[in-house]
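Worksheet for the structure shown next.
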Amino acid sequence: MQTEIKSHFEFTTQIDSKNNLEFYLGKTRITYDSLTEMTKSKYLKAVEETKNIDEDIDELKKKLDLLTESISNKEKEYQIKQKEISTYLECKKTFMGKVKYFLKSNKTKSKSKKSGHRVLEAENLEKAVEMEKTENVLPDDKEYYTLEDLVIIYSVLEKKEKDYKGLNQDIRALELKYENIVSKVKNATLYIEEIDKNRKSIFDFWKFANKDEKLSLEIGVENETRNKTSNLKKIFNFEMDFENLGIDIDNTQRKKLSKEEIDSIFIANTNLIDILNMVKCNNLDKDALETTLDSLRDEFKKNRLTFDSETFDIFGNIEDDSRKIKYINNKGHRENEKSKFKILNINKKIDVFDFTEKLHSVLNYLEGAVPKITSAYDTVLYKLIPITDKIKDKSFEVFNINIERELGEYQDNGEGALNLIKINYKEGMPLIYYSNIIFYDNNNQTLPSGMDLSTNVLVDCSKMNFKLVEKSRFRTNNYFTESNNLILPKSKDIFVYEYDVSIKEQQDEE
């Protein structure tokens with residue numbers, strides 16, 4: 001059904017708690033027991049829609065006939081007026097012509113007759129045959145219907161819908177044509193009236209005829225839709241657009257962002273984002289700051305051997321070693337990865353005060369960086385969170401532009417259902433992309449352009465208004481496994497909260 005008539009039938013699948021497959025048509029679950037009733041109800045619905053659209057098609061054909069006849073009458077009227085104006089223009093070229101035209105008797109203006117509607121017998125006959133054929137092939141009084149019956153009736157319905165759309169397009173074209181010819185007739189009428197008004201005396205007519213008038217008989221009504229700026233935008237397709245998007249965005253961010261801003265964006269993509277948001281919201285907790293700092297020191301000690309093996313310059317950065325070739329997506333380069341320890345200057349002597357000051361500095365650079373980069377497309381952003389969490393509308397949040405990666409990269413700790421935040425992001429809104437330059441220095445200018453390391457983006461939610469537009473749910477076992485058995489997949493309920501977002505006005509922020 002979905003293959004033959006996808007515009008009317010689009011099924012979705014879900015996994016139940018026992019990892020069995022469920023089929024849904026919209027929000028209705030399809031089971032073996034309900035299949036017969038579903039087939040019958042869909043069939044009868046299609047029959048009713050077919051009858052309704054036949055009535056609409058009849059009305060459109062009547063309107064089309066009336067427009068055609070009206071246009072024909074207007075064109076005849078325009079030709080008469082155009083001929084009269086042409087005669088005048090020809091006569092005004094010579095002295096005798098002007099006198100002859102002035103002295104000629106006024107011709108009686110033919111009045112336009114109101115057009116009546118005529119339905120073509122051939123069309124009626126064709127329609128009657130078609131309806132009779134439809135009624136014979138597609139009876140609506142059977143007790144049971146097959147899938148073949150559904151395919152046939154919906155194929156007929158799709159043909160009717162196509163005819164209906166075609167007639168609407170024809171009518172719109174004829175309406176524009178009618179407006180154009182009415183405008184032409186109006187222009188011609190006004191010109192003829194001007195000629196007649198100046199024929200009261202030979203002196204006025206002679207003066208008028210000697211003017212070099214510019215006619216605008218061919219000016220018609222412009223189609224208003226042509227004057228409107230097209231609002232069509234390209235929709236972001238991850239498979240087709242991501243590679244080019246990554247290259248363009250990476251090059252843009254290299255130009256517009258400073259080294260300190262890029263380092264701060266890198267920090268926001270680490271496990272320090274929660275403590276950053278705590279500082280951002282002025283919710284300072286000394287115990288949480290000390291715990292985070294102790295954790296960073298412990299992590300730094302575990303990686304000390306790696307750091308000690310590197311060579312540092314006088315500014316604390318790792319010196320570039322042209323002999324070490326690294327690869328990103330099979331592209332070689334000689335750049336060094338960024339380190340949160342070096343950016344935050346984590347060492348034995350750092351205390352909570354210095355650490356807090358460093359976090360404030362990171363936040364300031366983030367605030368300055370966010371307005372510089374904007375979304376290149378209308379796109380959808382995703383964030384998977386625990387069932388107990390909600391969207392944090394006062395914080396910096398890392399989202400993903402690829403739902404598959406967001407689900408696959410989630411660190412499952414064994415909890416049950418999860419929430420998936422889905423936000424519809426508009427082109428031109430502030431949005432930082434985690435492109436290659438965010439993860440590597442580029443001192444040797446050898447770093448490949450693109451987004452080869454991440455599909456994440458950074459949003460300052462405190463600058464946005466969020467409007468919940470839809471709630472939905474799906475179940476999946478494609479991304480999670482049982483904590484006690486890495487072989488069996490674990491099915492989870494994912495509750496989706498979809499938001500439309502807009503930029504806050506300055507007054508709203510205050």
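Chain labels A, B, ... are given in the sequence in which chains occur in the structure tokens; within each chain residues are numbered consecutively from 1, and ligands are likewise numbered from 1 in the order shown.
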
>> I'd like to know which residues of region 242-465 of chain A are strand (DSSP E) (by DSSP, run on the backbone); could you write them as an MDAnalysis selection string?
In response: chainID A and resid 326:328 331:333 379:386 396:400 418:425 432:433 456:460 464:465

Inset, instruction - Write out as a list of chain:residue names which residues come within 8 Å of Pro371 (chain A) when counting only C-alpha atoms, dropping same-chain ones fewer than 4 positions away. - result: A:Glu367, A:Pro430, A:Leu431

(Q) Residues near Glu59 (chain A), anyone? I mean within 12 Å using only C-alpha atoms, not counting same-chain ones fewer than 4 positions away, as JSON, numbers by chain. (A) {"A": [52, 53, 54, 55, 63, 64, 65, 66, 117, 119, 164, 167, 168, 171]}

List as a PyMOL selection string the protein and nucleic acid residues near Ile247 (chain A), meaning an atom at most 7 Å away when only C-alpha atoms are counted, but skip any in the same chain fewer than 6 places from it. chain A and resi 449-451

Only N, CA and C atoms, please: the residues just picked out, written as an mmCIF file, in the first residue's frame.
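Saved result, again_11.cif, follows:
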```
data_model
loop_
_atom_site.group_PDB
_atom_site.id
_atom_site.type_symbol
_atom_site.label_atom_id
_atom_site.label_comp_id
_atom_site.auth_asym_id
_atom_site.auth_seq_id
_atom_site.Cartn_x
_atom_site.Cartn_y
_atom_site.Cartn_z
ATOM 1 N N SER A 449 39.672 21.328 6.316
ATOM 2 C CA SER A 449 38.402 22.005 6.593
ATOM 3 C C SER A 449 37.263 21.001 6.595
ATOM 4 N N GLY A 450 36.307 21.221 7.490
ATOM 5 C CA GLY A 450 35.129 20.360 7.524
ATOM 6 C C GLY A 450 34.615 20.134 8.926
ATOM 7 N N MET A 451 33.618 19.248 9.029
ATOM 8 C CA MET A 451 33.083 18.793 10.311
ATOM 9 C C MET A 451 33.216 17.281 10.359
#
```

**Request:** Find the residues near Glu239 (chain A): any atom within 12 Å, counting only C-alpha atoms, skip ones fewer than 3 places away on the same chain, and give them as a PyMOL selection string.
**Result:** chain A and resi 235-236+242-245+401-402+404

At most 10 Å is the cut-off: for each residue in region 359-436 of chain A with any atom that close to an atom of region 334-354 of chain A, write down the nearest atom pair and the distance in Å rounded to one decimal, counting only C-alpha atoms, chain first then increasing number, as a Markdown table.
```
| residue | atom | partner | partner_atom | distance |
| --- | --- | --- | --- | --- |
| A:Leu359 | CA | A:Leu344 | CA | 7.9 |
| A:His360 | CA | A:Asp354 | CA | 9.9 |
| A:Ser361 | CA | A:Leu344 | CA | 9.7 |
| A:Val362 | CA | A:Leu344 | CA | 8.7 |
```

Selection above as a file: C-alpha atoms, as an mmCIF file, in the first residue's frame:
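See out.cif below for the written result:
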```
data_model
loop_
_atom_site.group_PDB
_atom_site.id
_atom_site.type_symbol
_atom_site.label_atom_id
_atom_site.label_comp_id
_atom_site.auth_asym_id
_atom_site.auth_seq_id
_atom_site.Cartn_x
_atom_site.Cartn_y
_atom_site.Cartn_z
ATOM 1 C CA LEU A 359 35.333 29.849 34.017
ATOM 2 C CA HIS A 360 34.095 33.457 33.966
ATOM 3 C CA SER A 361 36.638 34.201 31.248
ATOM 4 C CA VAL A 362 35.433 31.209 29.212
#
```

Notebook entry, point to check: What is the distance between CA of Leu89 (chain A) and CA of Asn73 (chain A), in Å to one decimal?
Noted result: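 It comes out at 24.5 Å.
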
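The nearest approach to Ile503 (chain A) among the residues A:Met429, A:Ile267, A:Met38, A:Val457, with only C-alpha atoms taken into account, belongs to A:Met429.
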
Correct to one decimal, the distance CA of Phe495 (chain A)-CA of Lys392 (chain A) is 16.6 Å

Shell around Gln2 (chain A) at 12 Å using only C-alpha atoms, local window under 3 positions removed, as JSON, numbers by chain: {"A": [5, 6, 7, 8, 9, 10, 11, 12, 25, 147, 150, 151, 154]}

Can you list, as an NGL selection string, every protein, DNA or RNA residue that comes within 8 Å of region 375-385 of chain A when you count only C-alpha atoms, leaving out same-chain residues fewer than 5 positions away? :A and (233-236 or 245 or 390 or 398-403 or 406-407 or 410 or 418-432)

Residue selection dump (C-alpha atoms) as a PDB file, in the first residue's frame:
```pdb
ATOM      1  CA  LYS A 233      14.489  28.099   1.335  1.00  0.00           C
ATOM      2  CA  LYS A 234      16.608  25.057   0.859  1.00  0.00           C
ATOM      3  CA  ILE A 235      15.860  22.396   3.451  1.00  0.00           C
ATOM      4  CA  PHE A 236      18.899  20.851   5.111  1.00  0.00           C
ATOM      5  CA  LEU A 245      28.150  22.682   5.136  1.00  0.00           C
ATOM      6  CA  LYS A 390      13.683  19.147  30.722  1.00  0.00           C
ATOM      7  CA  VAL A 398      25.040  21.216  23.018  1.00  0.00           C
ATOM      8  CA  PHE A 399      22.660  19.756  20.430  1.00  0.00           C
ATOM      9  CA  ASN A 400      23.177  17.379  17.519  1.00  0.00           C
ATOM     10  CA  ILE A 401      22.065  17.914  13.930  1.00  0.00           C
ATOM     11  CA  ASN A 402      22.026  14.126  13.363  1.00  0.00           C
ATOM     12  CA  ILE A 403      19.439  12.212  15.369  1.00  0.00           C
ATOM     13  CA  GLU A 406      22.614  11.646  19.129  1.00  0.00           C
ATOM     14  CA  LEU A 407      20.900   8.359  19.969  1.00  0.00           C
ATOM     15  CA  TYR A 410      24.202   8.594  24.378  1.00  0.00           C
ATOM     16  CA  LEU A 418      14.414   9.000  27.845  1.00  0.00           C
ATOM     17  CA  ASN A 419      13.358  12.433  26.618  1.00  0.00           C
ATOM     18  CA  LEU A 420      14.378  13.662  23.169  1.00  0.00           C
ATOM     19  CA  ILE A 421      14.357  17.443  22.801  1.00  0.00           C
ATOM     20  CA  LYS A 422      13.734  18.454  19.186  1.00  0.00           C
ATOM     21  CA  ILE A 423      13.965  22.117  18.211  1.00  0.00           C
ATOM     22  CA  ASN A 424      13.148  23.625  14.826  1.00  0.00           C
ATOM     23  CA  TYR A 425      15.981  26.072  14.208  1.00  0.00           C
ATOM     24  CA  LYS A 426      15.708  28.810  11.603  1.00  0.00           C
ATOM     25  CA  GLU A 427      18.294  30.006   9.131  1.00  0.00           C
ATOM     26  CA  GLY A 428      20.173  33.061  10.387  1.00  0.00           C
ATOM     27  CA  MET A 429      19.807  32.329  14.104  1.00  0.00           C
ATOM     28  CA  PRO A 430      23.004  32.298  16.231  1.00  0.00           C
ATOM     29  CA  LEU A 431      24.549  28.826  16.136  1.00  0.00           C
ATOM     30  CA  ILE A 432      28.113  27.599  16.743  1.00  0.00           C
TER      31      ILE A 432
END
```

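When CA of Ile153 (chain A) is paired with CA of Arg172 (chain A), their separation reads 28.7 Å.
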
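Compared by their closest atoms to Lys394 (chain A), and using only C-alpha atoms, the residues A:Met96, A:Cys461, A:Ala268, A:Ile71 rank with A:Cys461 nearest.
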